[in-house]
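Peer 1: Take this structure first; my questions come after.
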Amino acid sequence: MLGNFTYCNPTKLYFGKGALDGLNAELPKYGKNVLLVYGGGSIKKNGIYDKVVAALKANGKEIFEDAGVMPNPTVEKLYEGVERARRAKADLILAVGGGSVCDYAKAVSVSVNCEEDPWEKYFVRFEEPSCETIPVGCVLTMVGTGSEMNGGSVITNHKAKMKVGHVFADEKIFPRFSVLDPEFTYTLPKYQMVSGFYDIMSHIMEQYFSGTDDNTSDYIMEGLMRSLVHSSRIAVKEPENYEARSNVMWTATWALNTLVAKGKDTDWEVHMLGQAVGAITNATHGMTLAAVSLPYYRHIMPYGLAKFKRFAVDVWDISPAGKTDEQIAEEGLSAMESWMKELGLVMNITELGADESMLGDLVNATLVMRGGYKVLTKEEILQIFKESL
Ligand code: NZQ
Ligand code: ZN
């Protein structure tokens, strides 16, 4: 049964080969000053930077640069970006990069005119902006987070040992437009590419493994997962297979553009466990999720057995004949484990830099969610991290 909801996704997408031309339609809508935000320099090596700058100049923009947004952007970088945006009197923030750059652009957008400490306001108290915000546009170069079409922004505070995501409710925080050219993702190193693939899977599973009702969103998610498994297997062998890469890119956007969460409960505990690992090791986001997922799902499986059985049969084509529900469900998770190994994902947190001495910090940094099949106790969280080592 679908619960009540309001749905609005205001992000305009330009998808496919040559999608960057969409900038010519979008840029005239904003003022002259553009804060061009990007990461550690991949866009300079692969030529995307030159193309974006050419489009900005052709549209008469004054460009102010904010480079060096790191993976898992930090609160210190956010403060720096706020200063840059203020000095630039930015009319538009154009993010060119992956989820980190897009998330950071949104965080700067809500902070430029904020009179309080943005970390405290948005990432500790989870308040919505009460000040004027700056429009954000994205040119996506890494697939996975869905940040190109949602209101999410994740900021890391190493001093506080916290990595916190705020999903802004107000649709004016969503990117006004996003450019999605699958060919822009070809230069991703394999580690980043497959990490993004698992991030997509995790986003879908977080929303799928919740609730017991019959819900259209679950059927949509099964289709998305089947497409992802199929295309990721091709992409990992043939990184320049346009069909596979474009399908994965589109799946990533739908996995977390808020549609499939509507009218149902969602979990998000794997992301809380993964974000704790990220806060303490600064590891790559998708890999932190891969490393904790199987211990978590095997732990909660008895509490949501019917859904795990459905996952096995409808996503992984496990034959149910002559098997108990537990056997079917476990075979589904085993099939997922094989796929994860086939992609080359990191399957434990030790490889990401965690060790036993960090278990206490990891447990403390993990927020407990209430929408999944089991609300975890601190002891259970500790057990899951131990099994993830
Ligand atoms: O910095 P550069 O040099 O650009 O290199 C980046 C970075 O090192 C590189 N890269 C990106 N595109 C490339 C490329 N290298 C070569 N060719 C390209 N085309 O990839 C590295 C990782 O980039 P990053 O943006 O950090 O990856 P991702 O897209 O996975 O973003 C991760 C961040 O997003 C947050 C994560 O927590 C993490 O902080 N998330 C945001 C969400 C949201 N907004 O809804 C939800 C997610 O669950 C996630 O939490
Ligand atoms: Zn994620």
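Chain identifiers are assigned as A, B, and so on, following the order in which chains appear in the structure tokens; residues are numbered from 1 within each chain, and ligands are numbered from 1 in order of appearance.
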Write as number ranges by chain the residues around ligand 1, taking 8 Å as the cut-off and counting only C-alpha atoms and all ligand atoms.

Peer 2: A: 38-43, 46, 68-73, 97-103, 140-148, 150-156, 163, 165, 167, 184-189, 192, 195-196, 199, 203, 256, 271, 275, 278, 284-286

Peer 1: Save out the residues we just selected, C-alpha atoms, as a CSV table (one decimal), in the first residue's frame.

Peer 2:
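Result file is result.csv:
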chain,number,residue,atom,x,y,z
A,38,TYR,CA,35.9,20.9,-9.2
A,39,GLY,CA,38.1,18.3,-7.6
A,40,GLY,CA,41.8,17.3,-7.7
A,41,GLY,CA,42.4,17.8,-11.4
A,42,SER,CA,41.0,14.8,-13.3
A,43,ILE,CA,38.9,17.2,-15.4
A,46,ASN,CA,40.6,14.4,-19.6
A,68,GLY,CA,40.7,20.9,-4.9
A,69,VAL,CA,37.4,19.5,-3.6
A,70,MET,CA,38.6,16.2,-2.1
A,71,PRO,CA,36.7,12.9,-2.1
A,72,ASN,CA,34.6,13.1,1.1
A,73,PRO,CA,34.7,16.9,1.2
A,97,GLY,CA,33.0,16.2,-10.9
A,98,GLY,CA,31.6,13.3,-8.9
A,99,GLY,CA,29.3,13.2,-5.9
A,100,SER,CA,31.9,14.9,-3.7
A,101,VAL,CA,32.0,18.0,-5.9
A,102,CYS,CA,28.2,18.1,-6.4
A,103,ASP,CA,27.5,17.6,-2.6
A,140,LEU,CA,28.8,14.7,-13.7
A,141,THR,CA,32.0,12.8,-14.2
A,142,MET,CA,31.6,9.9,-11.8
A,143,VAL,CA,28.5,7.7,-11.5
A,144,GLY,CA,27.1,6.4,-8.2
A,145,THR,CA,25.8,8.9,-5.7
A,146,GLY,CA,22.8,10.2,-7.4
A,147,SER,CA,23.8,13.7,-6.2
A,148,GLU,CA,23.1,15.0,-9.7
A,150,ASN,CA,18.8,15.0,-5.3
A,151,GLY,CA,19.1,17.3,-2.4
A,152,GLY,CA,21.8,15.3,-0.6
A,153,SER,CA,25.0,16.7,0.7
A,154,VAL,CA,27.6,14.7,2.7
A,155,ILE,CA,30.3,16.6,4.7
A,156,THR,CA,33.1,15.0,6.7
A,163,LYS,CA,30.7,12.0,8.3
A,165,GLY,CA,24.7,13.6,5.2
A,167,VAL,CA,19.1,15.5,2.5
A,184,PHE,CA,32.8,11.6,-19.4
A,185,THR,CA,33.1,8.7,-17.0
A,186,TYR,CA,35.4,6.6,-19.3
A,187,THR,CA,38.6,7.9,-17.6
A,188,LEU,CA,37.6,6.8,-14.1
A,189,PRO,CA,40.1,4.4,-12.6
A,192,GLN,CA,36.4,4.3,-8.6
A,195,SER,CA,32.9,1.6,-6.1
A,196,GLY,CA,30.3,3.8,-7.8
A,199,ASP,CA,27.1,2.6,-4.3
A,203,HIS,CA,21.1,2.9,-2.6
A,256,LEU,CA,18.6,8.0,-5.6
A,271,HIS,CA,25.1,4.0,4.8
A,275,GLN,CA,29.8,6.6,6.8
A,278,GLY,CA,34.5,6.8,6.0
A,284,THR,CA,36.2,5.6,-0.8
A,285,HIS,CA,32.4,5.7,-0.2
A,286,GLY,CA,31.2,2.8,-2.2

Peer 1: Extract, using only C-alpha atoms, all DNA, RNA and protein residues at most 10 Å from Phe168 in chain A, discarding same-chain residues fewer than 2 positions from it, and format them as an MDAnalysis selection string.

Peer 2: chainID A and resid 106:107 110 122 126:129 150:153 165:166 170:174

Peer 1: If you run DSSP on the backbone here, which positions in range 155-311 of chain A get strand (DSSP E or B)? Please write them as a VMD selection string.

Peer 2: chain A and resid 155 to 157 162 to 167 177 to 180

Peer 1: Please dump the current selection as a PDB file, in the first residue's frame; keep C-alpha atoms.

Peer 2:
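The resulting again_10.pdb:
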ATOM      1  CA  ILE A 155      30.316  16.569   4.653  1.00  0.00           C
ATOM      2  CA  THR A 156      33.111  15.034   6.717  1.00  0.00           C
ATOM      3  CA  ASN A 157      34.387  16.496   9.979  1.00  0.00           C
ATOM      4  CA  MET A 162      31.803  12.358  11.850  1.00  0.00           C
ATOM      5  CA  LYS A 163      30.692  12.024   8.260  1.00  0.00           C
ATOM      6  CA  VAL A 164      27.177  13.373   7.993  1.00  0.00           C
ATOM      7  CA  GLY A 165      24.690  13.563   5.161  1.00  0.00           C
ATOM      8  CA  HIS A 166      21.882  16.084   5.067  1.00  0.00           C
ATOM      9  CA  VAL A 167      19.146  15.450   2.548  1.00  0.00           C
ATOM     10  CA  PHE A 177      20.263  21.121 -14.104  1.00  0.00           C
ATOM     11  CA  SER A 178      22.716  18.266 -14.573  1.00  0.00           C
ATOM     12  CA  VAL A 179      24.728  17.215 -17.586  1.00  0.00           C
ATOM     13  CA  LEU A 180      25.139  13.434 -17.829  1.00  0.00           C
TER      14      LEU A 180
END

Peer 1: Would you kindly return, as a PDB file with N, CA and C atoms, in the first residue's frame, each protein, DNA or RNA residue with an atom no farther than 7 Å from any atom of Asp181 in chain A, considering only C-alpha atoms and excluding same-chain residues fewer than 2 positions away?

Peer 2:
ATOM      1  N   PHE A  15      21.130  14.343 -21.055  1.00  0.00           N
ATOM      2  CA  PHE A  15      21.757  13.015 -20.990  1.00  0.00           C
ATOM      3  C   PHE A  15      22.257  12.580 -22.363  1.00  0.00           C
ATOM      4  N   GLY A  16      23.457  11.997 -22.379  1.00  0.00           N
ATOM      5  CA  GLY A  16      23.949  11.342 -23.601  1.00  0.00           C
ATOM      6  C   GLY A  16      25.182  12.004 -24.182  1.00  0.00           C
ATOM      7  N   LYS A  17      25.607  11.472 -25.340  1.00  0.00           N
ATOM      8  CA  LYS A  17      26.798  12.024 -26.007  1.00  0.00           C
ATOM      9  C   LYS A  17      26.534  13.478 -26.377  1.00  0.00           C
ATOM     10  N   GLY A  18      27.470  14.330 -26.060  1.00  0.00           N
ATOM     11  CA  GLY A  18      27.303  15.751 -26.417  1.00  0.00           C
ATOM     12  C   GLY A  18      26.367  16.517 -25.493  1.00  0.00           C
ATOM     13  N   ALA A  19      25.998  15.902 -24.361  1.00  0.00           N
ATOM     14  CA  ALA A  19      25.022  16.540 -23.459  1.00  0.00           C
ATOM     15  C   ALA A  19      25.513  17.884 -22.920  1.00  0.00           C
ATOM     16  N   VAL A 179      24.278  17.719 -16.295  1.00  0.00           N
ATOM     17  CA  VAL A 179      24.728  17.215 -17.586  1.00  0.00           C
ATOM     18  C   VAL A 179      25.295  15.818 -17.353  1.00  0.00           C
ATOM     19  N   GLU A 183      30.217   9.225 -21.636  1.00  0.00           N
ATOM     20  CA  GLU A 183      31.617   9.190 -22.084  1.00  0.00           C
ATOM     21  C   GLU A 183      32.532   9.967 -21.131  1.00  0.00           C
ATOM     22  N   PHE A 184      31.970  10.896 -20.376  1.00  0.00           N
ATOM     23  CA  PHE A 184      32.780  11.646 -19.398  1.00  0.00           C
ATOM     24  C   PHE A 184      33.269  10.734 -18.269  1.00  0.00           C
TER      25      PHE A 184
END

Peer 1: A:Met336, A:Thr266, A:Ala283, A:Cys114: which is nearest Met201 in chain A, counting only C-alpha atoms?

Peer 2: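 Closest residue, counting only C-alpha atoms: A:Met336.
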
Peer 1: Could you tell me, as a ChimeraX atom specification, which residues of range 73-208 of chain A DSSP assigns to helix (DSSP H, G or I) when given the backbone?

Peer 2: /A:75-88,99-111,118-124,147-149,171-173,182-185,190-208

Peer 1: Env of Lys29 in chain A: 10 Å cut, atoms = only C-alpha atoms, seq-sep filter 4 positions within chain, self excluded. Answer as a PyMOL selection string.

Peer 2: chain A and resi 24-25+92

Peer 1: Taking into account only C-alpha atoms and all ligand atoms, which residue in the set A:Glu222, A:Glu351, A:Leu289, A:Ala58 is nearest to ligand 2?

Peer 2: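 Checking each candidate against ligand 2, we get A:Leu289 as the closest.
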
Peer 1: Quick one: of A:Glu206, A:Thr253, A:Trp339, A:Ala54, who's nearest to Arg226 in chain A, counting only C-alpha atoms?

Peer 2: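 Using only C-alpha atoms, Arg226 in chain A sits closest to A:Trp339.
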
Peer 1: List the neighbours of range 354-361 of chain A out to 8 Å using only C-alpha atoms; skip same-chain residues closer than 3 positions along the sequence, and give me the result as a ChimeraX atom specification.

Peer 2: /A:161,277,280-281,349-351,364-365,382,385-386,389

Peer 1: Next, write the just-selected residues to a file, as a PDB file, in the first residue's frame, keeping C-alpha atoms as the atom set.

Peer 2:
ATOM      1  CA  LYS A 161      35.133  11.866  13.617  1.00  0.00           C
ATOM      2  CA  VAL A 277      34.076   3.799   8.324  1.00  0.00           C
ATOM      3  CA  ILE A 280      37.531   7.279  10.505  1.00  0.00           C
ATOM      4  CA  THR A 281      39.507   5.919   7.512  1.00  0.00           C
ATOM      5  CA  ILE A 349      37.112  -2.828   6.404  1.00  0.00           C
ATOM      6  CA  THR A 350      40.650  -3.995   7.267  1.00  0.00           C
ATOM      7  CA  GLU A 351      41.668  -3.409   3.663  1.00  0.00           C
ATOM      8  CA  ASN A 364      30.142   5.740  18.266  1.00  0.00           C
ATOM      9  CA  ALA A 365      30.130   7.241  14.772  1.00  0.00           C
ATOM     10  CA  LEU A 382      29.944  -3.814  17.203  1.00  0.00           C
ATOM     11  CA  PHE A 385      31.978  -4.266  12.455  1.00  0.00           C
ATOM     12  CA  LYS A 386      33.900  -7.213  13.924  1.00  0.00           C
ATOM     13  CA  LEU A 389      37.183  -6.670   9.719  1.00  0.00           C
TER      14      LEU A 389
END

Peer 1: Give the answer as one residue: which of A:Ala276, A:Ala335, A:Leu94, A:Leu352 has the shortest atom-to-atom distance to Val52 in chain A, using only C-alpha atoms?

Peer 2: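 Ranking A:Ala276, A:Ala335, A:Leu94, A:Leu352 by distance to Val52 in chain A, first place goes to A:Leu94.
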
Peer 1: With only C-alpha atoms as the counted atoms, please give the residues lying no more than 9 Å from Ser231 in chain A, apart from itself and same-chain residues fewer than 2 positions off, as a PyMOL selection string.

Peer 2: chain A and resi 226-229+233-236+243-248

Peer 1: From the options A:Ala329, A:Leu224, A:Ile318, A:Ala255, which residue's atoms come nearest to Leu305 in chain A, counting only C-alpha atoms?

Peer 2: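 Smallest separation from Leu305 in chain A among the options: A:Ala329.
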
Peer 1: Neighbouring residues of Ala290 in chain A were defined as those with any atom within 10 Å, considering only C-alpha atoms; residues of the same chain fewer than 2 positions away were excluded. Please report them as a PyMOL selection string.

Peer 2: chain A and resi 195+198-199+201-202+270+274+285-288+292-295+337+340+345-349+388

Peer 1: Please compute the CA of Met272 in chain A-CA of Thr366 in chain A distance, one decimal, in Å.

Peer 2: 5.4 Å
